[in-house]
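So this one's work.cif, mmCIF, C-alpha atoms:
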data_data
loop_
_atom_site.label_atom_id
_atom_site.label_comp_id
_atom_site.auth_asym_id
_atom_site.auth_seq_id
_atom_site.Cartn_x
_atom_site.Cartn_y
_atom_site.Cartn_z
CA MET A 1 0.00 0.00 0.00
CA ASP A 2 1.33 3.46 -0.98
CA ALA A 3 0.34 5.81 1.86
CA GLU A 4 1.03 8.93 -0.20
CA LEU A 5 -1.75 10.37 -2.35
CA SER A 6 -1.04 10.83 -6.04
CA ASP A 7 -1.15 14.19 -7.80
CA GLU A 8 -4.49 13.26 -9.36
CA GLN A 9 -5.98 12.34 -5.99
CA ASN A 10 -4.76 15.58 -4.41
CA GLU A 11 -6.25 17.49 -7.33
CA ILE A 12 -9.64 15.83 -6.83
CA ARG A 13 -9.60 16.85 -3.18
CA ARG A 14 -8.42 20.41 -3.84
CA THR A 15 -10.86 21.13 -6.66
CA LEU A 16 -13.84 19.71 -4.81
CA ARG A 17 -12.99 21.59 -1.60
CA GLU A 18 -12.69 24.89 -3.45
CA LEU A 19 -16.00 24.41 -5.24
CA LEU A 20 -17.87 23.38 -2.10
CA LEU A 21 -16.37 26.28 -0.17
CA LYS A 22 -17.99 28.67 -2.66
CA ARG A 23 -21.30 26.89 -3.18
CA CYS A 24 -22.07 24.90 -0.03
CA GLY A 25 -21.92 27.05 3.06
CA PRO A 26 -24.20 26.48 6.08
CA GLU A 27 -26.93 28.75 4.73
CA GLU A 28 -26.88 26.99 1.36
CA VAL A 29 -27.17 23.63 3.15
CA ARG A 30 -30.20 24.83 5.12
CA ALA A 31 -31.86 26.11 1.96
CA ALA A 32 -31.11 22.93 -0.02
CA VAL A 33 -32.69 20.53 2.49
CA ARG A 34 -35.96 22.46 2.30
CA THR A 35 -36.36 21.96 -1.44
CA ALA A 36 -38.57 19.22 -2.87
CA ALA A 37 -35.53 17.19 -3.94
CA GLY A 38 -33.76 17.63 -0.60
CA TYR A 39 -30.56 18.86 -2.23
CA ASP A 40 -29.31 21.63 -4.54
CA GLU A 41 -29.98 20.25 -8.01
CA ALA A 42 -27.95 23.00 -9.69
CA LEU A 43 -24.91 22.20 -7.53
CA TRP A 44 -25.36 18.48 -8.22
CA ALA A 45 -25.35 19.18 -11.96
CA LEU A 46 -22.24 21.35 -11.56
CA LEU A 47 -20.41 18.63 -9.60
CA ALA A 48 -21.30 16.14 -12.31
CA GLU A 49 -20.25 18.42 -15.17
CA ARG A 50 -16.96 19.72 -13.76
CA LEU A 51 -15.74 16.78 -11.68
CA GLY A 52 -17.75 13.80 -12.88
CA LEU A 53 -18.57 13.13 -9.22
CA PRO A 54 -21.55 10.75 -9.73
CA GLY A 55 -19.48 8.63 -12.14
CA LEU A 56 -16.19 8.75 -10.29
CA ALA A 57 -16.06 4.95 -9.89
CA VAL A 58 -17.95 4.08 -13.11
CA GLU A 59 -15.95 2.64 -15.99
CA ALA A 60 -14.95 5.07 -18.74
CA ARG A 61 -16.74 3.02 -21.42
CA TYR A 62 -20.03 3.84 -19.66
CA GLY A 63 -19.29 7.54 -19.38
CA GLY A 64 -17.63 7.49 -15.97
CA VAL A 65 -14.24 8.67 -14.74
CA GLY A 66 -12.97 5.17 -14.04
CA CYS A 67 -11.42 5.84 -10.63
CA GLY A 68 -11.43 3.50 -7.66
CA PRO A 69 -12.62 3.39 -4.03
CA THR A 70 -9.77 5.62 -2.83
CA GLU A 71 -10.78 8.52 -5.07
CA ALA A 72 -14.43 8.01 -4.08
CA ALA A 73 -13.48 8.10 -0.39
CA LEU A 74 -11.50 11.33 -0.86
CA ALA A 75 -14.53 12.91 -2.53
CA CYS A 76 -16.82 11.70 0.27
CA GLU A 77 -14.49 13.18 2.87
CA GLU A 78 -14.87 16.60 1.27
CA THR A 79 -18.66 16.31 0.97
CA GLY A 80 -18.77 15.21 4.61
CA ARG A 81 -16.85 18.30 5.71
CA VAL A 82 -19.67 20.57 4.52
CA LEU A 83 -22.53 18.08 5.17
CA LEU A 84 -23.41 18.27 1.48
CA PRO A 85 -27.02 17.15 0.89
CA SER A 86 -26.78 15.06 -2.28
CA PRO A 87 -27.67 11.65 -3.74
CA LEU A 88 -23.96 10.81 -4.03
CA LEU A 89 -23.88 7.90 -1.60
CA ALA A 90 -27.06 6.25 -2.86
CA THR A 91 -26.28 6.77 -6.56
CA ALA A 92 -22.51 6.36 -6.83
CA ALA A 93 -21.72 3.98 -3.95
CA LEU A 94 -24.78 1.69 -4.04
CA VAL A 95 -26.85 1.76 -7.23
CA ALA A 96 -24.21 2.19 -9.95
CA PRO A 97 -21.87 -0.58 -8.66
CA LEU A 98 -24.77 -3.03 -8.33
CA ILE A 99 -25.88 -2.38 -11.91
CA ALA A 100 -22.28 -2.82 -13.08
CA ALA A 101 -21.97 -6.09 -11.14
CA LEU A 102 -25.35 -7.73 -11.83
CA GLY A 103 -26.90 -6.03 -14.85
CA THR A 104 -26.83 -7.32 -18.40
CA GLU A 105 -24.70 -5.47 -20.94
CA ALA A 106 -27.85 -3.84 -22.32
CA GLN A 107 -28.89 -2.68 -18.84
CA ARG A 108 -25.44 -1.32 -18.09
CA ALA A 109 -25.29 0.54 -21.40
CA ARG A 110 -28.74 2.01 -20.82
CA LEU A 111 -28.48 3.03 -17.17
CA LEU A 112 -24.85 3.67 -16.22
CA PRO A 113 -24.19 6.63 -18.58
CA SER A 114 -27.22 8.49 -17.17
CA LEU A 115 -26.13 7.76 -13.60
CA ALA A 116 -22.52 8.78 -14.32
CA SER A 117 -23.60 12.10 -15.85
CA GLY A 118 -25.82 12.97 -12.88
CA GLU A 119 -28.88 13.15 -15.11
CA LEU A 120 -30.35 10.14 -13.30
CA THR A 121 -30.13 9.48 -9.57
CA GLY A 122 -30.71 6.15 -7.90
CA ALA A 123 -31.78 4.63 -4.61
CA LEU A 124 -31.42 1.12 -3.19
CA VAL A 125 -34.67 -0.15 -1.65
CA LEU A 126 -34.12 -2.74 1.06
CA PRO A 127 -36.96 -4.14 3.21
CA GLY A 128 -36.77 -2.92 6.78
CA GLY A 129 -33.98 -0.46 6.00
CA HIS A 130 -31.36 -3.12 6.80
CA LEU A 131 -28.53 -1.59 4.77
CA THR A 132 -25.62 -2.63 6.98
CA ALA A 133 -27.07 -6.12 7.44
CA ALA A 134 -27.53 -6.53 3.68
CA LEU A 135 -23.91 -5.45 3.12
CA GLY A 136 -22.70 -7.97 5.66
CA LEU A 137 -21.33 -5.28 7.98
CA THR A 138 -23.47 -6.19 10.99
CA GLY A 139 -24.65 -9.69 10.10
CA ALA A 140 -24.13 -12.70 7.89
CA CYS A 141 -24.62 -12.28 4.12
CA ASP A 142 -27.41 -14.84 3.87
CA GLY A 143 -30.24 -12.74 2.44
CA GLN A 144 -32.47 -13.23 5.48
CA TRP A 145 -32.78 -9.45 5.84
CA ALA A 146 -34.97 -9.43 2.71
CA GLY A 147 -37.86 -11.22 4.42
CA GLY A 148 -40.20 -13.06 2.09
CA GLY A 149 -43.14 -15.36 2.47
CA ARG A 150 -44.47 -15.21 6.01
CA ALA A 151 -41.64 -12.87 7.02
CA GLY A 152 -43.02 -9.94 5.05
CA GLY A 153 -40.63 -7.65 3.17
CA ILE A 154 -41.13 -7.04 -0.56
CA GLN A 155 -42.55 -9.80 -2.75
CA ALA A 156 -42.01 -10.32 -6.47
CA ARG A 157 -43.98 -12.48 -8.86
CA PRO A 158 -43.73 -12.93 -12.63
CA ASP A 159 -46.14 -10.85 -14.67
CA SER A 160 -49.07 -12.71 -16.15
CA GLY A 161 -47.67 -11.95 -19.62
CA GLY A 162 -44.37 -13.60 -18.70
CA GLU A 163 -42.26 -10.59 -19.79
CA GLY A 164 -41.81 -8.73 -16.52
CA TRP A 165 -42.33 -8.77 -12.77
CA ARG A 166 -44.75 -7.26 -10.26
CA LEU A 167 -43.68 -6.03 -6.83
CA TYR A 168 -45.63 -5.77 -3.58
CA GLY A 169 -44.57 -4.49 -0.17
CA GLU A 170 -42.85 -1.52 1.38
CA ALA A 171 -39.53 -0.35 2.74
CA ALA A 172 -38.53 2.52 4.99
CA GLN A 173 -35.31 4.48 5.51
CA VAL A 174 -34.49 4.44 1.80
CA LEU A 175 -31.67 6.92 1.23
CA ASP A 176 -32.82 9.61 -1.26
CA GLY A 177 -35.75 7.40 -2.21
CA HIS A 178 -38.27 10.23 -2.55
CA SER A 179 -36.38 11.98 -5.36
CA ALA A 180 -34.48 9.17 -7.16
CA GLY A 181 -35.28 8.59 -10.80
CA LEU A 182 -34.30 4.91 -10.55
CA LEU A 183 -35.08 2.45 -7.76
CA LEU A 184 -33.19 -0.80 -7.31
CA VAL A 185 -35.56 -2.96 -5.27
CA ALA A 186 -34.49 -6.08 -3.39
CA ALA A 187 -37.44 -8.48 -3.32
CA ARG A 188 -38.13 -12.13 -2.57
CA ALA A 189 -39.40 -14.39 -5.31
CA GLY A 190 -40.34 -18.06 -5.42
CA GLY A 191 -42.60 -18.36 -2.39
CA TYR A 192 -41.80 -19.25 1.19
CA ALA A 193 -40.09 -22.63 0.83
CA ARG A 194 -37.87 -21.89 -2.19
CA GLY A 195 -37.54 -18.14 -2.00
CA ARG A 196 -34.55 -16.22 -3.30
CA THR A 197 -33.59 -12.57 -3.22
CA LEU A 198 -33.49 -10.72 -6.55
CA LEU A 199 -32.89 -7.12 -7.60
CA PHE A 200 -35.33 -5.23 -9.79
CA ALA A 201 -34.98 -1.92 -11.63
CA LEU A 202 -37.96 0.40 -11.39
CA ARG A 203 -38.59 3.87 -12.77
CA PRO A 204 -40.98 5.33 -10.16
CA ARG A 205 -42.30 8.34 -12.05
CA PRO A 206 -43.97 6.59 -14.99
CA ALA A 207 -44.75 3.41 -13.01
CA ARG A 208 -48.10 2.84 -11.37
CA GLY A 209 -48.48 1.45 -7.88
CA VAL A 210 -45.48 3.32 -6.42
CA THR A 211 -45.96 5.68 -3.47
CA ARG A 212 -42.98 7.58 -2.12
CA THR A 213 -43.09 9.58 1.11
CA ARG A 214 -40.24 11.70 2.36
CA LEU A 215 -39.64 11.02 6.04
CA THR A 216 -38.97 13.54 8.78
CA THR A 217 -35.46 12.72 9.97
CA LEU A 218 -33.10 13.85 12.69
CA ASP A 219 -30.47 14.72 10.07
CA GLU A 220 -32.12 16.67 7.28
CA THR A 221 -28.96 16.62 5.18
CA ARG A 222 -29.39 12.87 4.54
CA SER A 223 -32.86 12.41 3.05
CA GLN A 224 -34.81 9.22 3.65
CA ALA A 225 -38.11 7.95 2.31
CA ARG A 226 -40.71 5.23 2.67
CA ILE A 227 -41.45 3.33 -0.55
CA GLU A 228 -44.77 1.51 -0.98
CA LEU A 229 -45.22 -0.86 -3.91
CA ARG A 230 -48.64 -2.13 -4.98
CA ASP A 231 -48.57 -4.28 -8.13
CA ALA A 232 -45.71 -2.15 -9.52
CA ALA A 233 -44.15 -3.28 -12.80
CA ALA A 234 -40.37 -3.80 -12.62
CA GLU A 235 -37.50 -5.19 -14.66
CA LEU A 236 -35.30 -7.97 -13.34
CA LEU A 237 -31.68 -6.86 -12.97
CA GLY A 238 -29.57 -9.44 -14.76
CA PRO A 239 -30.21 -12.10 -17.40
CA ALA A 240 -33.75 -13.52 -17.54
CA GLY A 241 -34.02 -17.05 -16.25
CA GLU A 242 -30.89 -16.77 -14.09
CA ASP A 243 -30.81 -16.11 -10.36
CA ALA A 244 -28.13 -13.54 -9.63
CA ASP A 245 -26.19 -13.78 -6.37
CA VAL A 246 -27.61 -10.61 -4.84
CA PRO A 247 -26.36 -11.25 -1.25
CA GLY A 248 -22.90 -11.99 -2.65
CA ALA A 249 -22.86 -8.82 -4.76
CA LEU A 250 -23.88 -6.74 -1.76
CA ALA A 251 -21.19 -8.37 0.37
CA ARG A 252 -18.54 -7.57 -2.25
CA LEU A 253 -19.79 -3.99 -2.25
CA SER A 254 -19.55 -3.62 1.53
CA GLY A 255 -15.91 -2.55 1.70
CA GLY A 256 -16.31 0.37 -0.70
CA VAL A 257 -19.57 1.56 0.90
CA ALA A 258 -18.12 1.34 4.41
CA ALA A 259 -15.02 3.27 3.31
CA ALA A 260 -17.16 5.98 1.68
CA VAL A 261 -19.36 6.44 4.76
CA ALA A 262 -16.31 6.35 7.03
CA ALA A 263 -14.64 9.05 4.92
CA GLU A 264 -17.79 11.19 5.14
CA ALA A 265 -17.82 10.81 8.91
CA VAL A 266 -14.11 11.65 9.16
CA GLY A 267 -14.64 14.75 7.04
CA ALA A 268 -17.47 15.92 9.28
CA ALA A 269 -15.49 15.14 12.44
CA GLY A 270 -12.44 17.00 11.18
CA ARG A 271 -14.44 20.08 10.22
CA VAL A 272 -16.42 20.32 13.46
CA LEU A 273 -13.14 19.94 15.37
CA GLU A 274 -11.65 22.83 13.36
CA ARG A 275 -14.67 24.99 14.15
CA THR A 276 -14.37 24.17 17.83
CA VAL A 277 -10.69 25.11 17.92
CA GLU A 278 -11.52 28.41 16.23
CA TYR A 279 -14.23 29.09 18.80
CA VAL A 280 -12.19 28.32 21.93
CA CYS A 281 -9.39 30.54 20.64
CA SER A 282 -11.76 33.51 20.38
CA ARG A 283 -14.16 32.92 23.29
CA GLU A 284 -12.84 34.55 26.45
CA GLN A 285 -13.55 33.71 30.09
CA PHE A 286 -11.83 35.20 33.12
CA GLY A 287 -9.95 37.54 30.82
CA ARG A 288 -8.35 34.88 28.62
CA PRO A 289 -9.39 32.57 25.73
CA ILE A 290 -10.93 29.35 27.02
CA GLY A 291 -8.65 27.48 24.63
CA SER A 292 -5.72 28.41 26.85
CA PHE A 293 -7.07 26.30 29.72
CA GLN A 294 -5.23 23.02 30.07
CA ALA A 295 -8.39 20.89 30.34
CA VAL A 296 -9.69 22.24 27.03
CA LYS A 297 -6.32 21.75 25.33
CA HIS A 298 -6.06 18.14 26.48
CA ARG A 299 -9.59 17.27 25.38
CA LEU A 300 -9.16 18.75 21.92
CA ALA A 301 -5.76 17.09 21.54
CA ASP A 302 -7.29 13.71 22.41
CA ILE A 303 -10.05 14.18 19.85
CA HIS A 304 -7.53 15.28 17.22
CA VAL A 305 -5.67 11.99 17.70
CA VAL A 306 -8.92 10.02 17.42
CA VAL A 307 -9.93 11.81 14.21
CA GLN A 308 -6.51 11.31 12.61
CA ALA A 309 -6.57 7.61 13.47
CA ALA A 310 -10.06 7.29 11.99
CA ARG A 311 -8.89 9.06 8.82
CA SER A 312 -6.01 6.61 8.43
CA ALA A 313 -8.40 3.69 8.93
CA ALA A 314 -10.81 5.08 6.32
CA TYR A 315 -8.00 5.50 3.78
CA TYR A 316 -6.79 1.97 4.42
CA ALA A 317 -10.32 0.61 4.05
CA ALA A 318 -10.67 2.39 0.71
CA TRP A 319 -7.38 0.91 -0.48
CA ALA A 320 -8.40 -2.56 0.75
CA ALA A 321 -11.76 -2.30 -1.06
CA GLY A 322 -9.91 -1.89 -4.33
CA SER A 323 -7.26 -4.54 -3.79
CA GLN A 324 -8.37 -6.97 -1.06
CA PRO A 325 -12.20 -6.98 -1.00
CA SER A 326 -12.37 -9.94 1.37
CA GLU A 327 -10.87 -8.01 4.27
CA ALA A 328 -12.96 -6.80 7.22
CA ALA A 329 -11.23 -3.41 7.15
CA GLY A 330 -14.37 -1.59 6.00
CA GLY A 331 -16.46 -2.42 9.04
CA LEU A 332 -13.65 -1.57 11.47
CA ALA A 333 -12.94 1.74 9.72
CA LEU A 334 -16.64 2.63 9.74
CA ALA A 335 -16.91 1.87 13.46
CA GLN A 336 -13.86 3.98 14.23
CA ALA A 337 -15.07 6.88 12.06
CA LEU A 338 -18.56 6.89 13.58
CA GLU A 339 -17.04 6.92 17.05
CA ALA A 340 -14.70 9.78 16.14
CA GLN A 341 -17.56 11.77 14.63
CA ARG A 342 -19.67 11.31 17.77
CA MET A 343 -16.81 12.36 20.05
CA ALA A 344 -15.95 15.44 17.99
CA ALA A 345 -19.58 16.56 17.74
CA ALA A 346 -20.21 16.01 21.46
CA ALA A 347 -17.12 17.99 22.41
CA ALA A 348 -18.13 20.78 20.03
CA VAL A 349 -21.55 21.10 21.64
CA GLN A 350 -20.11 21.16 25.15
CA LEU A 351 -17.27 23.60 24.41
CA HIS A 352 -19.59 25.95 22.52
CA GLY A 353 -21.84 26.04 25.56
CA GLY A 354 -25.59 26.59 25.21
CA VAL A 355 -25.24 28.19 21.78
CA GLY A 356 -24.04 24.87 20.36
CA VAL A 357 -27.50 23.30 20.46
CA THR A 358 -29.45 26.25 19.08
CA TRP A 359 -30.95 26.06 15.60
CA GLU A 360 -29.12 29.23 14.56
CA HIS A 361 -25.67 27.69 15.15
CA ASP A 362 -24.07 25.26 12.71
CA VAL A 363 -22.66 22.87 15.33
CA GLN A 364 -26.06 21.25 15.84
CA LEU A 365 -26.01 20.14 12.19
CA TYR A 366 -22.86 18.11 12.83
CA PHE A 367 -24.26 16.72 16.07
CA LYS A 368 -27.40 15.52 14.25
CA ARG A 369 -25.31 13.97 11.47
CA ALA A 370 -23.25 12.05 14.05
CA ALA A 371 -26.32 10.74 15.87
CA SER A 372 -28.14 9.86 12.65
CA ASP A 373 -25.15 8.07 11.10
CA GLU A 374 -24.83 5.77 14.11
CA LEU A 375 -28.51 4.87 13.81
CA LEU A 376 -28.26 4.27 10.06
CA PHE A 377 -24.88 2.56 9.74
CA GLY A 378 -24.17 1.25 13.23
CA PRO A 379 -24.24 0.38 15.99
CA VAL A 380 -20.50 0.58 16.49
CA HIS A 381 -20.27 -2.53 18.67
CA ARG A 382 -22.04 -4.66 16.03
CA LEU A 383 -19.71 -3.42 13.30
CA ARG A 384 -16.71 -4.47 15.38
CA GLU A 385 -18.28 -7.77 16.39
CA ARG A 386 -19.01 -8.67 12.77
CA ALA A 387 -15.48 -7.68 11.70
CA ALA A 388 -14.09 -9.95 14.40
CA GLU A 389 -16.32 -12.79 13.15
CA ARG A 390 -15.10 -12.31 9.58
CA ALA A 391 -11.50 -12.30 10.76
CA GLY A 392 -12.07 -15.57 12.63
CA LEU A 393 -11.18 -14.15 16.03
CA PHE A 394 -14.17 -15.66 17.80
CA ALA A 395 -13.59 -19.07 16.23
CA ALA A 396 -9.95 -19.03 17.32
CA GLY A 397 -11.01 -18.09 20.85
CA ASP A 398 -13.56 -20.91 20.96
CA GLU A 399 -10.92 -23.42 19.83
CA ARG A 400 -8.46 -22.27 22.52
CA GLU A 401 -11.19 -22.53 25.14
CA ALA A 402 -12.08 -26.05 24.00
CA VAL A 403 -8.43 -27.11 24.22
CA ALA A 404 -8.13 -25.63 27.71
CA LEU A 405 -11.19 -27.57 28.86
#

So that I can check it, write out the structure of this file as structure tokens.
Amino acid sequence: MDAELSDEQNEIRRTLRELLLKRCGPEEVRAAVRTAAGYDEALWALLAERLGLPGLAVEARYGGVGCGPTEAALACEETGRVLLPSPLLATAALVAPLIAALGTEAQRARLLPSLASGELTGALVLPGGHLTAALGLTGACDGQWAGGGRAGGIQARPDSGGEGWRLYGEAAQVLDGHSAGLLLVAARAGGYARGRTLLFALRPRPARGVTRTRLTTLDETRSQARIELRDAAAELLGPAGEDADVPGALARLSGGVAAAVAAEAVGAAGRVLERTVEYVCSREQFGRPIGSFQAVKHRLADIHVVVQAARSAAYYAAWAAGSQPSEAAGGLALAQALEAQRMAAAAAVQLHGGVGVTWEHDVQLYFKRAASDELLFGPVHRLRERAAERAGLFAAGDEREAVAL
């Protein structure tokens, strides 16, 4: 692993930071989350046109930039710094890679160029909102999260004409589901005894039987929706007559997704720590800046170390996702980043005093992002437990205990 970023990677970071500094301040973020889409569509189009952000990890032959997980993580770190409301995670980290992995050549040629250009946004619809379980970050990759039969979830049955599929059921906590132009729906087909999990592509606007409701969330910068499907027509993702390994594809995707979310969390943690340092250097008490007090110095120094360690873990997870996908680095990096983000946000609220939790101040936005991310992508202890299981640590411990007995 080369720990030094290349010139191209540094340029991606620099260009994106400069653009977001001009176009995505706190007031712009507040205005964007109140729009119908939940994000600034003009800024999204600009990011797609100038930087190719939605297609950063899409192959060049489909209109993408052709970069890897490391470049995607660097971009996510910069968007996390400003809490950018955008469909980047859902479109670029979830939907596009799944289409590239499971779709037919015709489906890839039809959908990926539109996703890479930012013209089309996507959302992954999972029953119960079990994203981390489906990715194998907090549970086994066995497809049980999809429900089916008596377990509920989303059901799929072949159309009476034999050319398509019909979907029934609902899912909540779908990232950017209310505004996405393309839904990838995980559904169970084949009944209760012989059920299997399949992915279906669905265009919600022209389709009938699709109801989308934007949810009220703690963190407004990360939109979520409830999707209800009632006899909705959908297209099977992949060759007809073949059962794609959906749980396996999601498991292979887990490292890149975990690295992207970890990088976002590290970016947010680093920025809120910077704001806190700026505040304690200017806020005076007893005739001197509160940042000069030893207790404040020590606390901020401890958090700085935690954030830097989480950043290193996120970078390593991004590298591992591109070269060693079987590693459990993604889950560990995500756990460490979520913990660092929570610590940095909590310290910021406390050191800002009462003003830190008021709606007028920006610190509360970072605090809500930290709390929401742990609910969506955690909990931290399950991420670490699952990583230990994948690394075989528990099995080794059980064997040693058996030998001792």

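Considering the residues A:Gly38, A:Gly392, A:Gly181, A:Gly190 and counting all atoms listed in the file, Pro158 of chain A has its shortest atom-to-atom contact with A:Gly190.
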
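When all atoms listed in the file are used to compute distances to Ala73 of chain A, the closest of the residues A:Ala346, A:Leu273, A:Val33, A:Ala321 turns out to be A:Ala321.
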
Once the PyMOL selection byres ((chain A and resi 54-56) around 7) has been evaluated on this model, what residues remain selected, and can you format them as an mmCIF file with C-alpha atoms, in the coordinates of the input?
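Printed below is out11.cif as written:
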data_model
loop_
_atom_site.group_PDB
_atom_site.id
_atom_site.type_symbol
_atom_site.label_atom_id
_atom_site.label_comp_id
_atom_site.auth_asym_id
_atom_site.auth_seq_id
_atom_site.Cartn_x
_atom_site.Cartn_y
_atom_site.Cartn_z
ATOM 1 C CA ALA A 48 -21.300 16.140 -12.310
ATOM 2 C CA GLY A 52 -17.750 13.800 -12.880
ATOM 3 C CA LEU A 53 -18.570 13.130 -9.220
ATOM 4 C CA ALA A 57 -16.060 4.950 -9.890
ATOM 5 C CA VAL A 58 -17.950 4.080 -13.110
ATOM 6 C CA GLY A 64 -17.630 7.490 -15.970
ATOM 7 C CA VAL A 65 -14.240 8.670 -14.740
ATOM 8 C CA GLY A 66 -12.970 5.170 -14.040
ATOM 9 C CA CYS A 67 -11.420 5.840 -10.630
ATOM 10 C CA ALA A 72 -14.430 8.010 -4.080
ATOM 11 C CA LEU A 88 -23.960 10.810 -4.030
ATOM 12 C CA THR A 91 -26.280 6.770 -6.560
ATOM 13 C CA ALA A 92 -22.510 6.360 -6.830
ATOM 14 C CA LEU A 115 -26.130 7.760 -13.600
ATOM 15 C CA ALA A 116 -22.520 8.780 -14.320
ATOM 16 C CA SER A 117 -23.600 12.100 -15.850
ATOM 17 C CA GLY A 118 -25.820 12.970 -12.880
#

Practice task
Expand the PyMOL selection byres ((chain A and resi 388) around 12) into the individual residues it matches in the shown file, reporting them as a ChimeraX atom specification.
Solution key: /A:137-139,327-332,381-387,389-397

Problem - Contact residues around Thr35 of chain A with only C-alpha atoms at 12 Å, ignoring same-chain residues under 3 positions, as a PyMOL selection string - result: chain A and resi 28-32+38-42+85-86+178-179+214+220-221+223

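The space between atom CA of Ala344 of chain A and atom CA of Arg23 of chain A spans 24.7 Å.
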
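Put simply, atom CA of Ser160 of chain A is 14.8 Å away from atom CA of Leu236 of chain A.
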
Exercise for the section: Please evaluate the PyMOL selection byres ((chain A and resi 351) around 9) against the structure above and give the resulting residues as a PyMOL selection string. Expected result: chain A and resi 276+279-280+290+296+346-350+352-354+356

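The space between atom CA of Glu119 of chain A and atom CA of Ala45 of chain A spans 7.7 Å.
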
Problem - Test item: residues at most 10 Å from Pro97 of chain A, all atoms listed in the file, excluding those fewer than 4 positions along its chain, as number ranges by chain - result: A: 57-59, 91-93, 101-103, 112, 249-250, 253, 256

Prev. selection, C-alpha atoms, output as a tab-separated table (two decimals), in the coordinates of the input:
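Listing of result-v6.tsv after writing:
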chain	number	residue	atom	x	y	z
A	57	ALA	CA	-16.06	4.95	-9.89
A	58	VAL	CA	-17.95	4.08	-13.11
A	59	GLU	CA	-15.95	2.64	-15.99
A	91	THR	CA	-26.28	6.77	-6.56
A	92	ALA	CA	-22.51	6.36	-6.83
A	93	ALA	CA	-21.72	3.98	-3.95
A	101	ALA	CA	-21.97	-6.09	-11.14
A	102	LEU	CA	-25.35	-7.73	-11.83
A	103	GLY	CA	-26.90	-6.03	-14.85
A	112	LEU	CA	-24.85	3.67	-16.22
A	249	ALA	CA	-22.86	-8.82	-4.76
A	250	LEU	CA	-23.88	-6.74	-1.76
A	253	LEU	CA	-19.79	-3.99	-2.25
A	256	GLY	CA	-16.31	0.37	-0.70

Problem - Shell of 12 Å around Leu74 of chain A, all atoms listed in the file, local chain residues under 2 positions omitted, as a PyMOL selection string - result: chain A and resi 5-6+8-17+53+56-57+67-72+76-81+256+259-267+311-312+314-319

Exercise for the section: Write out as a list in words the residues lying within 7 Å of Arg157 of chain A, counting only C-alpha atoms and excluding same-chain residues fewer than 4 positions away. Expected result: Trp165, Arg166, Leu167 and Ala189 of chain A

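With distances taken over all atoms listed in the file, A:Ala371 is the one residue among A:Leu51, A:Leu84, A:Ala371, A:Ala295 lying closest to Arg342 of chain A.
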
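Neighbouring residues of Phe200 of chain A at 8 Å or closer, counting all atoms listed in the file and skipping chain neighbours under 4 positions away, are Leu183, Leu184, Val185, Ala186, Ala187, Ala234, Glu235, Leu236 and Leu237 of chain A.
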
Selection export as an mmCIF file, in the frame of the given file, atoms kept: C-alpha atoms:
data_model
loop_
_atom_site.group_PDB
_atom_site.id
_atom_site.type_symbol
_atom_site.label_atom_id
_atom_site.label_comp_id
_atom_site.auth_asym_id
_atom_site.auth_seq_id
_atom_site.Cartn_x
_atom_site.Cartn_y
_atom_site.Cartn_z
ATOM 1 C CA LEU A 183 -35.080 2.450 -7.760
ATOM 2 C CA LEU A 184 -33.190 -0.800 -7.310
ATOM 3 C CA VAL A 185 -35.560 -2.960 -5.270
ATOM 4 C CA ALA A 186 -34.490 -6.080 -3.390
ATOM 5 C CA ALA A 187 -37.440 -8.480 -3.320
ATOM 6 C CA ALA A 234 -40.370 -3.800 -12.620
ATOM 7 C CA GLU A 235 -37.500 -5.190 -14.660
ATOM 8 C CA LEU A 236 -35.300 -7.970 -13.340
ATOM 9 C CA LEU A 237 -31.680 -6.860 -12.970
#

Practice task
In the coordinates of the file, take the point (-30.4, 4.2, -4.5) and a cut-off of 6 Å; then, counting only C-alpha atoms, name each qualifying protein, DNA or RNA residue as a VMD selection string.
Solution key: chain A and resid 90 to 91 95 122 to 124 183
